[in-house]
Structures are given as structure tokens and as C-alpha cells.
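First the structure, in the form of C-alpha cells, and then the observations on it.
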Amino acid sequence: MQFYETKRLEEMTQAEWEALCDGCARCCLIKLEDEDTGEIVTSDVHCRLLDGDKCACTDYPNRQKLVPDCIKLTPDNVTKIRWMPPTCAYRRIAEGRGLAWWHPLISGDPETVHTAGISVRGRTVSENDVPADDWENHAVMWPEMDPDA
């Protein structure tokens with residue numbers, strides 16, 4: 001059995017925790033909250049630090065200093081963050097659903113998350129290229145979709 005099948009999130013080492021990320025970058029998409037209803041909508045605009053082709057942060061160690069809104073996922077907060085995508089490995093493990101077939105730890109190939117259409121690759125624009133007052137025009141539903149559901 002693999003560590004993700006036997007350990008709870010809070011029992012994982014830092015290396016195991018980091019290995020759980022499938023590299024989809026859905027969590028790096030800008031979320032918009034309706035002030036009246038509290039509804040959260042995901043846009044196809046990604047954080048300025050995200051390399052949209054690699055689906056990786058260009059300055060991961062300093063991301064929270066450079067982007068104050070960047071939230072560091074922890075075993076304590078992963079189930080409390082309302083906008084975590086249903087495909088997220090951290091969320092799936094926390095909910096007892098296990099890893100999906102596209103996850104690199106299952107498929108053995110880090111490209112599977114991209115070829116399966118789970119990642120943001122090729123579907124987003126940088127926040128540097130879209131004025132903030134136009135983000136609401138970039139609201140999309142696909143980040144909330146889970147092909148396993």
C-alpha cells in the first residue's frame with residue numbers, strides 16, 4: 001500500500017504532502033465572491049505567479065509573500081476552504097475518495113493530469129493580462145466539474 005492509502009493528511013511528511021499535488025493548478029485560478037449571496041465563482045484567470053504551460057508556481061517558496069491572497073493548504077484547512085476543486089487530491093483524500101486515475105502517483109506519468117483535461121493548461125489567462133474589473137467576464141464552470149462524479 002502507498003502512503004496516500006494508509007495515512008491521514010495530518011500524518012504525512014512534507015515530501016508526501018507535496019507529492020499529493022497533481023499539478024492541475026485549479027487552485028491558482030482567481031475566485032470571485034458575490035458580496036450579496038456569498039456564492040463563489042471560479043474564473044479562467046490565473047495568478048500572476050503561475051506558469052500556465054507548466055501549471056507550476058514560478059516562485060513557490062515565496063508565493064505567500066508575493067501574493068498575500070495565496071492560501072497555503074494544510075491538513076487543517078483543506079476541507080474548510082469552500083472553493084477547493086472537487087478534483088483536488090488533498091480534498092479527495094480528506095473526503096476518503098482516494099486519488100483519481102489521472103493523478104501522477106496512480107498513472108506514473110505527470111502528463112496524465114493534462115491529457116485528461118483536469119489541469120488549467122491551455123485554458124487560462126494571466127491576471128497580468130486581464131484588468132481586475134473584467135475578471136467577472138471570465139467566470140467558468142469547468143474547474144468545478146469532476147469527471148469521476
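Residues in the C-alpha cells are numbered from 1 in each chain, the chains being A, B, ... in the order shown, and ligands are numbered from 1 in the order shown.
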
Excluding region 51-57 of chain A and residues on its chain fewer than 5 positions from it, collect all residues at most 10 Å away from it, counting only C-alpha atoms, and give them as a PDB file with C-alpha atoms, in the first residue's frame.
ATOM      1  CA  ASP A  22      -1.354  16.519  -9.064  1.00  0.00           C
ATOM      2  CA  GLY A  23      -0.209  19.740 -10.731  1.00  0.00           C
ATOM      3  CA  CYS A  24      -3.607  20.752 -12.093  1.00  0.00           C
ATOM      4  CA  ALA A  25      -3.276  24.374 -10.853  1.00  0.00           C
ATOM      5  CA  ARG A  26      -7.045  24.764 -10.439  1.00  0.00           C
ATOM      6  CA  CYS A  28      -4.354  29.002  -8.714  1.00  0.00           C
ATOM      7  CA  HIS A  46      -4.804  32.565 -13.070  1.00  0.00           C
ATOM      8  CA  ASN A  62       7.877  32.985  -1.745  1.00  0.00           C
ATOM      9  CA  ARG A  63       4.351  32.823  -3.121  1.00  0.00           C
ATOM     10  CA  HIS A 114      -3.044  17.445 -18.542  1.00  0.00           C
ATOM     11  CA  SER A 119      -5.334  20.844 -15.444  1.00  0.00           C
ATOM     12  CA  VAL A 120      -5.661  24.501 -16.396  1.00  0.00           C
ATOM     13  CA  ARG A 121      -3.098  24.143 -19.198  1.00  0.00           C
ATOM     14  CA  GLY A 122      -4.242  25.928 -22.335  1.00  0.00           C
ATOM     15  CA  ARG A 123      -7.480  27.213 -20.782  1.00  0.00           C
ATOM     16  CA  THR A 124      -6.482  30.261 -18.764  1.00  0.00           C
ATOM     17  CA  VAL A 125      -5.046  33.753 -18.949  1.00  0.00           C
ATOM     18  CA  SER A 126      -2.758  35.509 -16.515  1.00  0.00           C
TER      19      SER A 126
END

Please return as a PyMOL selection string: the residues of region 36-89 of chain A that backbone DSSP assigns to alpha helix (DSSP H).
chain A and resi 63-66+89

State, in Å with one decimal place, the distance from CA of Val140 (chain A) to CA of Thr87 (chain A).
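So the two atoms, CA of Val140 (chain A) and CA of Thr87 (chain A), lie 15.6 Å apart.
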